[in-house]
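K.L.:
So that you have it, the file is structure-v3.txt, and it contains compact mmCIF, C-alpha atoms and all ligand atoms:
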# COMPACT_ATOMS: atom_id res chain seq x y z
CA MET G 1 -18.41 30.48 -95.88
CA SER G 2 -22.03 31.32 -96.53
CA VAL G 3 -24.31 29.53 -98.92
CA SER G 4 -24.53 32.51 -101.22
CA SER G 5 -20.75 32.64 -101.73
CA PHE G 6 -20.62 28.99 -102.70
CA PRO G 7 -19.24 27.45 -104.82
CA PRO G 8 -16.18 29.67 -104.53
CA SER G 9 -14.51 30.90 -107.68
CA PRO G 10 -11.17 29.28 -108.55
CA SER G 11 -9.46 32.56 -107.69
CA SER G 12 -10.44 32.14 -104.03
CA GLY G 13 -7.95 29.29 -103.79
CA LEU G 14 -10.64 26.92 -102.53
CA PRO G 15 -11.45 23.76 -104.44
CA VAL G 16 -14.47 24.19 -106.67
CA LEU G 17 -17.46 22.03 -105.87
CA PRO G 18 -18.66 19.57 -106.86
CA VAL G 19 -15.78 17.29 -106.01
CA PHE G 20 -16.29 14.53 -108.56
CA PRO G 21 -15.47 11.01 -107.41
CA GLY G 22 -12.82 9.12 -109.28
CA THR G 23 -11.03 12.25 -110.52
CA VAL G 24 -7.35 13.05 -110.04
CA SER G 25 -6.11 16.60 -109.38
CA ALA G 26 -3.38 18.32 -111.40
CA SER G 27 -0.97 17.41 -108.58
CA GLY G 28 -1.91 13.74 -108.99
CA ARG G 29 -4.09 13.47 -105.88
CA PRO G 30 -7.20 11.29 -106.16
CA ALA G 31 -10.43 13.00 -105.09
CA THR G 32 -10.36 12.54 -101.31
CA LEU G 33 -12.99 13.31 -98.67
CA GLY G 34 -12.11 13.78 -95.01
CA VAL G 35 -13.89 13.25 -91.71
CA MET G 36 -13.15 14.55 -88.24
CA GLY G 37 -13.58 11.63 -85.87
CA GLY G 38 -13.08 7.91 -86.36
CA GLY G 39 -16.05 6.28 -84.63
CA GLN G 40 -18.71 4.09 -86.21
CA LEU G 41 -20.42 7.02 -87.91
CA GLY G 42 -17.11 7.92 -89.53
CA ARG G 43 -16.65 4.31 -90.59
CA MET G 44 -20.04 4.17 -92.32
CA PHE G 45 -19.31 7.54 -93.97
CA VAL G 46 -15.97 6.17 -95.22
CA HIS G 47 -17.67 3.08 -96.64
CA ALA G 48 -20.26 5.24 -98.46
CA ALA G 49 -17.58 7.57 -99.85
CA GLN G 50 -15.38 4.71 -100.99
CA ARG G 51 -18.27 3.00 -102.74
CA LEU G 52 -18.61 6.10 -104.88
CA GLY G 53 -14.92 5.99 -105.69
CA TYR G 54 -13.53 8.60 -103.33
CA PHE G 55 -10.38 8.17 -101.32
CA THR G 56 -10.90 8.96 -97.65
CA ALA G 57 -8.98 10.48 -94.74
CA VAL G 58 -9.90 10.19 -91.06
CA LEU G 59 -8.52 12.34 -88.26
CA ASP G 60 -8.73 10.54 -84.91
CA PRO G 61 -6.05 10.00 -82.26
CA ASP G 62 -7.06 6.36 -81.65
CA PRO G 63 -4.94 3.95 -83.75
CA GLN G 64 -7.79 1.41 -83.53
CA SER G 65 -10.62 3.80 -84.41
CA PRO G 66 -13.34 2.03 -86.42
CA ALA G 67 -13.14 4.54 -89.29
CA GLY G 68 -9.35 4.86 -89.23
CA LEU G 69 -9.07 1.09 -89.72
CA VAL G 70 -10.91 1.19 -93.07
CA SER G 71 -9.77 4.55 -94.47
CA HIS G 72 -7.09 5.23 -97.11
CA HIS G 73 -5.51 7.74 -94.71
CA HIS G 74 -5.65 7.87 -90.94
CA ILE G 75 -4.15 10.94 -89.30
CA GLN G 76 -3.57 9.97 -85.66
CA THR G 77 -3.51 13.33 -83.88
CA GLY G 78 -5.73 15.28 -81.52
CA TYR G 79 -8.65 17.17 -83.07
CA SER G 80 -7.01 20.56 -82.50
CA ASP G 81 -3.51 19.52 -83.54
CA GLU G 82 -2.34 22.06 -86.12
CA LYS G 83 -0.14 19.63 -88.01
CA GLY G 84 -2.90 17.05 -88.16
CA LEU G 85 -5.44 19.58 -89.40
CA ALA G 86 -3.00 20.90 -92.00
CA GLU G 87 -2.40 17.36 -93.25
CA LEU G 88 -6.15 16.74 -93.49
CA ALA G 89 -6.59 19.98 -95.45
CA VAL G 90 -3.84 19.05 -97.89
CA LEU G 91 -5.22 15.55 -98.48
CA CYS G 92 -8.93 16.39 -98.77
CA ALA G 93 -11.09 18.30 -101.21
CA ALA G 94 -13.86 18.62 -98.58
CA VAL G 95 -14.23 17.73 -94.90
CA THR G 96 -17.13 16.64 -92.68
CA THR G 97 -17.49 15.59 -89.05
CA GLU G 98 -18.90 12.50 -87.41
CA PHE G 99 -19.33 13.73 -83.82
CA GLU G 100 -20.66 16.98 -82.48
CA ASN G 101 -18.00 17.55 -79.88
CA VAL G 102 -15.28 18.15 -82.44
CA PRO G 103 -13.73 21.52 -81.48
CA ALA G 104 -15.56 24.17 -83.51
CA GLY G 105 -12.22 26.01 -83.81
CA ALA G 106 -10.76 23.05 -85.70
CA LEU G 107 -13.61 23.15 -88.23
CA GLN G 108 -13.14 26.89 -88.57
CA ALA G 109 -9.42 26.45 -89.25
CA LEU G 110 -10.14 23.80 -91.89
CA ALA G 111 -12.79 26.00 -93.50
CA ALA G 112 -10.17 28.62 -94.35
CA GLY G 113 -8.85 26.30 -97.04
CA ARG G 114 -11.48 23.64 -97.69
CA PRO G 115 -15.27 23.31 -97.93
CA VAL G 116 -16.35 22.03 -94.50
CA ALA G 117 -19.89 20.70 -94.04
CA PRO G 118 -21.44 21.17 -91.58
CA GLY G 119 -19.73 24.46 -90.80
CA ALA G 120 -18.22 25.45 -87.45
CA ALA G 121 -21.06 27.84 -86.57
CA ALA G 122 -23.81 25.23 -86.97
CA VAL G 123 -21.79 22.62 -85.07
CA ALA G 124 -21.15 25.12 -82.26
CA ILE G 125 -24.92 25.60 -81.86
CA ALA G 126 -25.53 21.86 -81.63
CA GLN G 127 -22.71 21.56 -79.06
CA ASN G 128 -24.49 23.71 -76.52
CA ARG G 129 -28.03 22.98 -75.31
CA ILE G 130 -28.55 26.63 -74.32
CA GLU G 131 -27.66 27.86 -77.82
CA GLU G 132 -29.59 25.03 -79.39
CA LYS G 133 -32.79 25.87 -77.54
CA SER G 134 -32.56 29.56 -78.33
CA HIS G 135 -32.16 28.71 -82.03
CA PHE G 136 -35.16 26.38 -81.91
CA THR G 137 -37.16 29.20 -80.37
CA ALA G 138 -35.88 31.71 -82.94
CA SER G 139 -36.72 29.32 -85.82
CA ALA G 140 -40.23 28.97 -84.41
CA ALA G 141 -40.65 32.75 -84.29
CA GLU G 142 -39.64 33.01 -87.95
CA SER G 143 -41.72 30.22 -89.37
CA ALA G 144 -45.36 29.29 -89.16
CA VAL G 145 -44.37 25.65 -89.75
CA LEU G 146 -42.75 25.57 -86.32
CA ALA G 147 -45.61 27.30 -84.54
CA GLY G 148 -46.61 25.01 -81.70
CA VAL G 149 -43.46 22.89 -82.01
CA THR G 150 -41.85 24.14 -78.81
CA CYS G 151 -38.99 23.06 -76.55
CA ALA G 152 -39.77 21.48 -73.18
CA PRO G 153 -40.17 24.26 -70.57
CA TYR G 154 -36.65 24.95 -69.25
CA ALA G 155 -34.39 27.27 -67.30
CA VAL G 156 -30.72 28.06 -67.86
CA ILE G 157 -28.58 27.44 -64.77
CA GLU G 158 -25.16 29.05 -64.93
CA THR G 159 -25.12 30.86 -61.58
CA ALA G 160 -26.25 30.25 -57.98
CA GLU G 161 -28.85 33.01 -58.45
CA GLN G 162 -30.33 31.24 -61.46
CA LEU G 163 -30.41 28.01 -59.44
CA LYS G 164 -32.38 29.72 -56.66
CA ALA G 165 -34.75 31.37 -59.13
CA VAL G 166 -35.82 28.10 -60.81
CA PRO G 167 -39.64 28.08 -61.00
CA ALA G 168 -41.28 25.26 -59.03
CA GLY G 169 -43.23 24.35 -62.16
CA LEU G 170 -40.05 22.90 -63.75
CA LEU G 171 -39.84 20.18 -61.11
CA PRO G 172 -39.64 17.24 -61.29
CA GLY G 173 -37.16 17.80 -64.08
CA ILE G 174 -33.96 16.71 -65.77
CA LEU G 175 -30.78 18.68 -65.20
CA LYS G 176 -28.60 18.47 -68.32
CA THR G 177 -25.11 19.84 -68.83
CA ALA G 178 -25.12 22.43 -71.60
CA ARG G 179 -22.15 20.78 -73.28
CA MET G 180 -20.73 17.32 -73.94
CA GLY G 181 -23.81 15.27 -73.04
CA TYR G 182 -24.72 12.21 -75.09
CA ASP G 183 -26.52 8.87 -74.60
CA GLY G 184 -28.05 10.15 -71.35
CA LYS G 185 -24.65 11.11 -69.91
CA GLY G 186 -24.36 14.48 -68.15
CA GLN G 187 -28.01 14.25 -67.02
CA VAL G 188 -29.56 13.93 -63.58
CA ARG G 189 -33.25 13.48 -62.84
CA VAL G 190 -34.35 15.65 -59.92
CA LYS G 191 -37.62 15.72 -57.98
CA ASN G 192 -37.22 18.86 -55.84
CA THR G 193 -35.00 21.89 -55.21
CA ASP G 194 -32.76 20.00 -52.76
CA GLU G 195 -32.04 17.30 -55.30
CA LEU G 196 -31.49 20.00 -57.91
CA SER G 197 -28.82 21.76 -55.79
CA THR G 198 -27.09 18.45 -55.06
CA ALA G 199 -27.22 17.46 -58.72
CA TRP G 200 -25.76 20.78 -59.91
CA ALA G 201 -22.95 20.49 -57.33
CA GLY G 202 -22.38 16.92 -58.57
CA LEU G 203 -22.02 18.26 -62.11
CA LYS G 204 -19.34 20.67 -60.82
CA GLN G 205 -21.68 23.64 -61.35
CA VAL G 206 -20.98 23.75 -65.08
CA PRO G 207 -23.57 25.59 -67.23
CA CYS G 208 -26.73 23.48 -67.38
CA VAL G 209 -30.36 23.55 -68.40
CA LEU G 210 -33.13 22.24 -66.20
CA GLU G 211 -35.93 20.78 -68.29
CA LYS G 212 -39.35 19.93 -67.00
CA MET G 213 -39.86 16.16 -67.01
CA LEU G 214 -42.51 15.50 -69.66
CA PRO G 215 -44.77 12.45 -69.83
CA LEU G 216 -43.55 11.15 -73.20
CA LYS G 217 -45.93 9.21 -75.41
CA ALA G 218 -43.10 8.41 -77.78
CA GLU G 219 -39.91 9.80 -79.30
CA CYS G 220 -39.05 10.32 -82.93
CA SER G 221 -36.34 11.90 -85.04
CA VAL G 222 -36.05 13.34 -88.52
CA ILE G 223 -32.97 13.28 -90.73
CA VAL G 224 -32.54 15.85 -93.48
CA ALA G 225 -29.70 16.60 -95.88
CA ARG G 226 -29.15 20.16 -97.06
CA GLY G 227 -26.83 21.20 -99.87
CA TRP G 228 -24.59 24.21 -100.45
CA ASP G 229 -27.30 25.63 -102.71
CA GLY G 230 -29.98 25.38 -99.99
CA SER G 231 -31.72 22.36 -101.54
CA VAL G 232 -33.01 19.99 -98.89
CA VAL G 233 -34.29 16.40 -98.77
CA SER G 234 -35.67 14.40 -95.89
CA PHE G 235 -36.29 10.89 -94.64
CA ALA G 236 -39.65 10.20 -93.01
CA PRO G 237 -39.59 10.40 -89.19
CA GLN G 238 -38.48 7.30 -87.36
CA LEU G 239 -39.88 6.25 -84.00
CA ASN G 240 -37.21 5.64 -81.35
CA VAL G 241 -37.17 3.68 -78.10
CA HIS G 242 -34.44 4.48 -75.57
CA VAL G 243 -33.39 2.21 -72.74
CA ASP G 244 -31.28 3.80 -69.98
CA GLY G 245 -30.81 6.92 -72.11
CA ILE G 246 -29.37 4.99 -75.10
CA LEU G 247 -31.23 4.30 -78.33
CA ALA G 248 -32.36 0.65 -78.34
CA VAL G 249 -34.89 0.30 -81.17
CA THR G 250 -35.89 2.36 -84.21
CA GLN G 251 -39.16 1.66 -86.03
CA ALA G 252 -39.17 3.09 -89.54
CA TYR G 253 -42.29 2.51 -91.58
CA GLU G 254 -45.41 4.28 -92.72
CA GLY G 255 -47.96 4.52 -89.95
CA ASN G 256 -45.36 4.57 -87.14
CA MET G 257 -46.88 7.90 -86.07
CA PRO G 258 -49.88 10.04 -87.05
CA PRO G 259 -49.30 11.32 -90.63
CA ALA G 260 -50.01 14.96 -89.73
CA LEU G 261 -47.34 14.89 -87.00
CA ALA G 262 -44.89 13.14 -89.30
CA GLU G 263 -45.31 15.89 -91.86
CA ARG G 264 -44.89 18.61 -89.26
CA ALA G 265 -41.76 17.02 -87.84
CA GLN G 266 -40.20 16.92 -91.32
CA ALA G 267 -41.17 20.50 -92.09
CA ALA G 268 -39.88 21.66 -88.70
CA THR G 269 -36.53 19.94 -89.25
CA LYS G 270 -36.11 21.53 -92.68
CA THR G 271 -36.93 24.92 -91.18
CA ILE G 272 -34.33 24.50 -88.44
CA ALA G 273 -31.70 23.45 -91.01
CA LYS G 274 -32.46 26.52 -93.10
CA HIS G 275 -32.48 28.83 -90.08
CA ILE G 276 -28.91 27.88 -89.15
CA ASP G 277 -27.77 27.80 -92.79
CA TYR G 278 -26.88 24.14 -92.41
CA VAL G 279 -24.97 22.12 -95.01
CA GLY G 280 -24.78 18.35 -94.57
CA VAL G 281 -26.87 15.75 -92.75
CA LEU G 282 -28.78 16.96 -89.70
CA CYS G 283 -30.90 14.97 -87.25
CA VAL G 284 -33.48 16.59 -84.99
CA GLU G 285 -34.99 14.61 -82.11
CA PHE G 286 -38.58 15.19 -80.99
CA PHE G 287 -40.78 14.08 -78.13
CA LEU G 288 -44.43 13.22 -78.69
CA VAL G 289 -46.57 14.26 -75.73
CA ASN G 290 -50.25 14.24 -74.88
CA ASP G 291 -51.83 17.66 -75.14
CA GLY G 292 -55.44 16.54 -75.25
CA SER G 293 -55.55 16.56 -79.08
CA ALA G 294 -56.10 13.34 -81.02
CA ASP G 295 -52.53 13.18 -82.38
CA GLY G 296 -50.65 14.74 -79.46
CA ALA G 297 -48.03 17.48 -79.72
CA LEU G 298 -44.45 17.64 -80.94
CA ILE G 299 -41.72 18.95 -78.65
CA VAL G 300 -38.32 19.59 -80.20
CA ASN G 301 -35.57 18.05 -78.04
CA GLU G 302 -32.10 18.35 -79.56
CA MET G 303 -30.17 18.09 -82.80
CA ALA G 304 -27.09 16.26 -84.02
CA PRO G 305 -24.97 17.86 -86.76
CA ARG G 306 -24.25 14.54 -88.46
CA PRO G 307 -25.86 11.25 -89.41
CA HIS G 308 -27.62 9.67 -86.45
CA ASN G 309 -27.98 6.26 -84.86
CA SER G 310 -31.72 6.43 -85.53
CA GLY G 311 -30.98 6.70 -89.28
CA HIS G 312 -28.98 3.50 -89.61
CA TYR G 313 -32.00 1.65 -91.03
CA THR G 314 -31.61 3.80 -94.18
CA MET G 315 -28.57 1.70 -95.12
CA ASP G 316 -30.79 -1.28 -95.95
CA ALA G 317 -34.33 0.08 -96.25
CA CYS G 318 -33.81 3.10 -98.53
CA ASP G 319 -32.40 3.64 -102.01
CA VAL G 320 -29.92 6.17 -100.61
CA SER G 321 -28.69 6.09 -97.02
CA GLN G 322 -28.00 8.94 -94.63
CA PHE G 323 -24.28 8.35 -95.24
CA ASP G 324 -24.71 8.55 -99.03
CA LEU G 325 -26.43 11.90 -98.53
CA GLN G 326 -23.66 13.09 -96.22
CA VAL G 327 -21.16 12.36 -99.01
CA HIS G 328 -23.34 14.04 -101.64
CA ALA G 329 -23.96 17.14 -99.52
CA MET G 330 -20.34 17.84 -98.60
CA ALA G 331 -19.05 17.14 -102.11
CA GLY G 332 -21.64 19.35 -103.79
CA LEU G 333 -23.27 16.44 -105.63
CA PRO G 334 -27.05 16.43 -106.22
CA LEU G 335 -29.31 15.44 -103.30
CA PRO G 336 -31.81 12.88 -104.56
CA HIS G 337 -35.03 12.44 -102.58
CA PRO G 338 -34.54 9.23 -100.62
CA ARG G 339 -37.13 6.53 -101.16
CA GLN G 340 -37.77 3.91 -98.50
CA HIS G 341 -38.45 0.61 -100.24
CA SER G 342 -39.01 -1.62 -97.20
CA PRO G 343 -40.42 -1.21 -93.73
CA ALA G 344 -37.58 -1.54 -91.25
CA ILE G 345 -36.69 -1.99 -87.61
CA MET G 346 -33.21 -1.32 -86.28
CA LEU G 347 -31.94 -2.97 -83.13
CA ASN G 348 -28.90 -1.39 -81.50
CA LEU G 349 -26.24 -3.86 -80.41
CA LEU G 350 -24.48 -2.77 -77.24
CA GLY G 351 -21.52 -4.55 -75.67
CA ASP G 352 -23.79 -6.02 -72.97
CA ILE G 353 -24.84 -8.89 -75.24
CA TRP G 354 -21.24 -10.07 -75.47
CA PHE G 355 -21.55 -11.18 -71.80
CA ASP G 356 -23.63 -14.00 -70.32
CA ASP G 357 -25.53 -13.88 -67.00
CA HIS G 358 -22.29 -14.68 -65.14
CA ASP G 359 -20.40 -11.86 -66.88
CA LYS G 360 -18.48 -14.36 -68.98
CA MET G 361 -17.55 -13.28 -72.51
CA ARG G 362 -19.47 -14.93 -75.33
CA THR G 363 -20.14 -14.39 -79.00
CA PRO G 364 -23.74 -13.45 -79.73
CA ASP G 365 -25.53 -16.17 -81.69
CA TRP G 366 -25.08 -14.64 -85.15
CA GLN G 367 -25.71 -18.03 -86.72
CA ALA G 368 -29.31 -17.99 -85.47
CA VAL G 369 -29.85 -14.28 -86.13
CA LEU G 370 -28.53 -14.36 -89.69
CA ALA G 371 -30.76 -17.32 -90.48
CA LEU G 372 -33.78 -15.02 -90.03
CA PRO G 373 -35.14 -13.39 -93.21
CA GLY G 374 -34.22 -9.77 -93.95
CA THR G 375 -31.54 -9.38 -91.28
CA HIS G 376 -28.59 -7.08 -92.06
CA LEU G 377 -25.80 -7.15 -89.49
CA HIS G 378 -23.49 -4.15 -89.18
CA LEU G 379 -20.59 -4.51 -86.73
CA TYR G 380 -18.22 -1.60 -86.28
CA GLY G 381 -14.92 -3.46 -85.97
CA LYS G 382 -14.50 -2.78 -82.25
CA THR G 383 -12.44 -5.58 -80.75
CA GLU G 384 -13.34 -4.92 -77.12
CA ALA G 385 -16.95 -5.25 -75.97
CA ARG G 386 -17.98 -3.23 -72.93
CA ALA G 387 -21.39 -2.73 -71.31
CA GLY G 388 -23.13 0.23 -72.95
CA ARG G 389 -20.61 0.43 -75.83
CA LYS G 390 -22.14 0.63 -79.29
CA MET G 391 -20.73 -2.41 -81.10
CA GLY G 392 -23.08 -2.55 -84.08
CA HIS G 393 -26.69 -2.64 -85.18
CA LEU G 394 -29.04 -5.07 -86.81
CA ASN G 395 -31.39 -3.82 -89.52
CA ILE G 396 -34.43 -5.91 -90.28
CA THR G 397 -36.33 -5.38 -93.52
CA GLY G 398 -39.24 -7.25 -95.00
CA PRO G 399 -42.31 -7.02 -97.18
CA ASP G 400 -44.60 -5.65 -94.45
CA VAL G 401 -44.63 -4.32 -90.90
CA VAL G 402 -46.07 -7.51 -89.42
CA SER G 403 -43.27 -9.73 -90.71
CA VAL G 404 -40.55 -7.19 -89.89
CA THR G 405 -41.87 -6.89 -86.34
CA ALA G 406 -42.04 -10.67 -85.92
CA THR G 407 -38.45 -11.07 -87.12
CA ALA G 408 -37.24 -8.21 -84.89
CA ARG G 409 -38.86 -9.91 -81.90
CA GLN G 410 -37.16 -13.19 -82.71
CA ALA G 411 -33.77 -11.52 -83.20
CA ALA G 412 -34.09 -9.50 -79.99
CA SER G 413 -35.03 -12.62 -78.08
CA ILE G 414 -32.09 -14.65 -79.48
CA LEU G 415 -29.68 -11.83 -78.61
CA GLY G 416 -31.24 -11.05 -75.22
CA LEU G 417 -31.91 -7.42 -76.18
CA PRO G 418 -34.02 -5.00 -74.17
CA GLY G 419 -36.85 -3.02 -75.75
CA LEU G 420 -38.85 -6.10 -76.75
CA ASP G 421 -41.99 -4.83 -75.02
CA TYR G 422 -42.17 -2.01 -77.52
CA LEU G 423 -42.21 -4.23 -80.57
P1 LIG E 1 -28.74 12.86 -75.09
O1 LIG E 1 -27.83 13.92 -75.61
O2 LIG E 1 -28.13 12.05 -74.00
O3 LIG E 1 -29.40 12.06 -76.18
P2 LIG E 1 -31.45 13.86 -74.55
O4 LIG E 1 -31.78 15.25 -74.18
O5 LIG E 1 -31.89 13.41 -75.89
O6 LIG E 1 -29.89 13.71 -74.34
O7 LIG E 1 -32.03 12.89 -73.44
C1 LIG E 1 -31.89 11.47 -73.48
C2 LIG E 1 -33.25 10.80 -73.25
O8 LIG E 1 -33.77 11.18 -71.96
C3 LIG E 1 -34.30 11.24 -74.23
O9 LIG E 1 -34.22 10.50 -75.45
C4 LIG E 1 -35.58 10.95 -73.43
O10 LIG E 1 -35.87 9.57 -73.42
C5 LIG E 1 -35.19 11.35 -72.03
N1 LIG E 1 -35.52 12.77 -71.78
C6 LIG E 1 -34.75 13.84 -72.03
N2 LIG E 1 -35.36 15.00 -71.73
C7 LIG E 1 -36.57 14.68 -71.26
C8 LIG E 1 -37.69 15.43 -70.74
N3 LIG E 1 -37.65 16.77 -70.67
N4 LIG E 1 -38.79 14.76 -70.34
C9 LIG E 1 -38.83 13.40 -70.39
N5 LIG E 1 -37.82 12.63 -70.84
C10 LIG E 1 -36.69 13.24 -71.29
MG MG E 2 -30.85 12.59 -77.52
I need this file expressed as structure tokens, please.
Ligand code: ADP
Ligand code: MG

P.N.:
Amino acid sequence: MSVSSFPPSPSSGLPVLPVFPGTVSASGRPATLGVMGGGQLGRMFVHAAQRLGYFTAVLDPDPQSPAGLVSHHHIQTGYSDEKGLAELAVLCAAVTTEFENVPAGALQALAAGRPVAPGAAAVAIAQNRIEEKSHFTASAAESAVLAGVTCAPYAVIETAEQLKAVPAGLLPGILKTARMGYDGKGQVRVKNTDELSTAWAGLKQVPCVLEKMLPLKAECSVIVARGWDGSVVSFAPQLNVHVDGILAVTQAYEGNMPPALAERAQAATKTIAKHIDYVGVLCVEFFLVNDGSADGALIVNEMAPRPHNSGHYTMDACDVSQFDLQVHAMAGLPLPHPRQHSPAIMLNLLGDIWFDDHDKMRTPDWQAVLALPGTHLHLYGKTEARAGRKMGHLNITGPDVVSVTATARQAASILGLPGLDYL
């Protein structure tokens, strides 16, 4: 389904966008939006959709999935299960996804009968680092905005010959599986060719990319929403701190990075979205590196075809959140320019803080944290805490950056969170 053929005419058999909330179809079905995947991103999507008056349906095999628990409908099948997909298509007027590893074939099957945003083709690109990088490069060739916003130097490794031919200049580097990597998983840091061979063998010789290890000054991401009609809106870039490959802290306020770079990162993200004919919410991650210039240079890292952990602050610091925009985009509603009304810091809450120094379970001291001004706690309804598991996040808003930073420090210290040094 291309942008130009949308919205489809009623004769195509597809529902006509926009899907208005609160309406009931001729067959008596309330306007229902669907999501592939039932994790925390799906849960926050469901909440946003329901607030507007939509009914929701979640497809996820896990009976305890965070989104399934709060949705009107929860289809508990595998993501490629034909019956499950057919049920989702019958229930929903439009479908989105909350994780990039949803089988692209499933999205394609759904798209035969329903508007699906993002579409299978765009999701397939984001699922494969090799594809992703070649699209970043192609976008750059097409647009002056992206000139100079390059990928990290890299080599594709799919064969033993390609492994042998890796240029020495890419080492030390990071070997990353082309598919299924997230939160630093599927990555090995290698210093020399011996380590590289061992690492590739350890990854079962699946297709990989080797990226040169860059001295990062900082990391940031940009979230845009693009509609069926090609209209696009963007949040300002947020600055991200990762600990052990997982996002720990997001700093979202004016002045978090040089304004010229912030503008370029936004323009680059919009260009990438347009290049792949994207519909929905898209996040692009960037590295900031020293290149001798005053501001430094932007390196485009990867994209996520969905709302992103680094955009959770928008729920409390902006007049529309990334999840509101996901709902608007898929349903064909207008995309208002988001306005951030408060500086914000987001602290990710991993399962680790549910354990004390002796590995005994405890409840984090919410009493103390919620007594701090401008704290907004979001827990995802996961009953079992595990180290490294995303259990929730804490947004901190306030009148200015100084007070938000002070409160974030206090909250992080009460909870025993890492990443304090960056605040
Ligand atoms: P994931 O899918 O796990 O998020 P990323 O490619 O974003 O994979 O890598 C995770 C983190 O590892 C990044 O946020 C960054 O901190 C670090 N990293 C990744 N690639 C590089 C690189 N080429 N140079 C330096 N650090 C990197
Ligand atoms: Mg990443």

K.L.:
Write out as a ChimeraX atom specification which residues come within 9 Å of Val19 in chain G when counting only C-alpha atoms, dropping same-chain ones fewer than 3 positions away.

P.N.:
/G:15-16,23,31-33,93-94,330-333

K.L.:
With C-alpha atoms kept, could you save the residues just selected as a PDB file, in the frame of the given file?

P.N.:
ATOM      1  CA  PRO G  15     -11.450  23.760-104.440  1.00  0.00           C
ATOM      2  CA  VAL G  16     -14.470  24.190-106.670  1.00  0.00           C
ATOM      3  CA  THR G  23     -11.030  12.250-110.520  1.00  0.00           C
ATOM      4  CA  ALA G  31     -10.430  13.000-105.090  1.00  0.00           C
ATOM      5  CA  THR G  32     -10.360  12.540-101.310  1.00  0.00           C
ATOM      6  CA  LEU G  33     -12.990  13.310 -98.670  1.00  0.00           C
ATOM      7  CA  ALA G  93     -11.090  18.300-101.210  1.00  0.00           C
ATOM      8  CA  ALA G  94     -13.860  18.620 -98.580  1.00  0.00           C
ATOM      9  CA  MET G 330     -20.340  17.840 -98.600  1.00  0.00           C
ATOM     10  CA  ALA G 331     -19.050  17.140-102.110  1.00  0.00           C
ATOM     11  CA  GLY G 332     -21.640  19.350-103.790  1.00  0.00           C
ATOM     12  CA  LEU G 333     -23.270  16.440-105.630  1.00  0.00           C
TER      13      LEU G 333
END

K.L.:
If the limit is 12 Å from any atom of ligand MG 2 (chain E), counting only C-alpha atoms and all ligand atoms, which residues qualify? Return them as a ChimeraX atom specification.

P.N.:
/G:126,129,176,180-187,219-221,240-247,283-287,300-304,308-310

K.L.:
With distances taken over all atoms listed in the file, which of G:Leu288, G:Ile157, G:Ala329, G:Leu59 is nearest to ligand LIG 1 (chain E)?

P.N.:
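Of the candidates, the smallest distance to ligand LIG 1 (chain E) is held by G:Leu288.
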
K.L.:
Using only C-alpha atoms, which residue out of G:Glu158, G:Glu98, G:Glu142, G:Asp60 lies closest to Val327 in chain G?

P.N.:
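Going through G:Glu158, G:Glu98, G:Glu142, G:Asp60 one by one, the smallest distance to Val327 in chain G is for G:Glu98.
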
K.L.:
For Cys92 in chain G, list every protein, DNA or RNA residue within 12 Å, evaluated using only C-alpha atoms, and leave out those in the same chain fewer than 2 positions away; present the list as a PyMOL selection string.

P.N.:
chain G and resi 14-15+19+24-25+29-36+54-59+72-73+75+85-90+94-96+110-111+113-116+330-331

K.L.:
May I have the protein, DNA and RNA residues with an atom at most 10 Å from (-34.5, -8.3, -95.2), counting only C-alpha atoms in the file's coordinates, returned as a VMD selection string?

P.N.:
chain G and resid 316 to 317 342 to 344 372 to 376 395 to 399 403 to 404 407

K.L.:
G:Pro237, G:Pro364, G:Pro153, G:Gly38: which is nearest His74 in chain G, counting only C-alpha atoms?

P.N.:
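Smallest distance to His74 in chain G is found for G:Gly38.
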
K.L.:
Pick out the closest residue to Glu195 in chain G from this set: G:Val289, G:Leu175, G:Gly280, G:Tyr380. Count all atoms listed in the file.

P.N.:
G:Leu175

K.L.:
Counting all atoms listed in the file, figure out which residue out of G:Val224, G:Met315, G:Leu214, G:Val145 gets nearest to ligand LIG 1 (chain E).

P.N.:
G:Leu214

K.L.:
Enclose all atoms of ligand LIG 1 (chain E) listed in the file in an axis-aligned box, grow every side by 3 Å, and hand back centre and edge lengths in Å to one decimal, as AutoDock Vina command-line options.

P.N.:
--center_x -33.3 --center_y 13.2 --center_z -73.3 --size_x 17.0 --size_y 13.2 --size_z 11.8

K.L.:
In Å, with one decimal, what is the gap from CA of Met213 in chain G to CA of Lys133 in chain G?

P.N.:
16.0 Å

K.L.:
Hey, what's within 12 Å of Arg51 in chain G if we count all atoms listed in the file and toss same-chain stuff fewer than 2 positions away? As a ChimeraX atom specification, please?

P.N.:
/G:21-22,44-49,53-56,71,323-324,327

K.L.:
So how far away is CA of Leu146 in chain G from CA of Arg264 in chain G, in Å?

P.N.:
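For CA of Arg264 in chain G relative to CA of Leu146 in chain G, the distance reads 7.9 Å.
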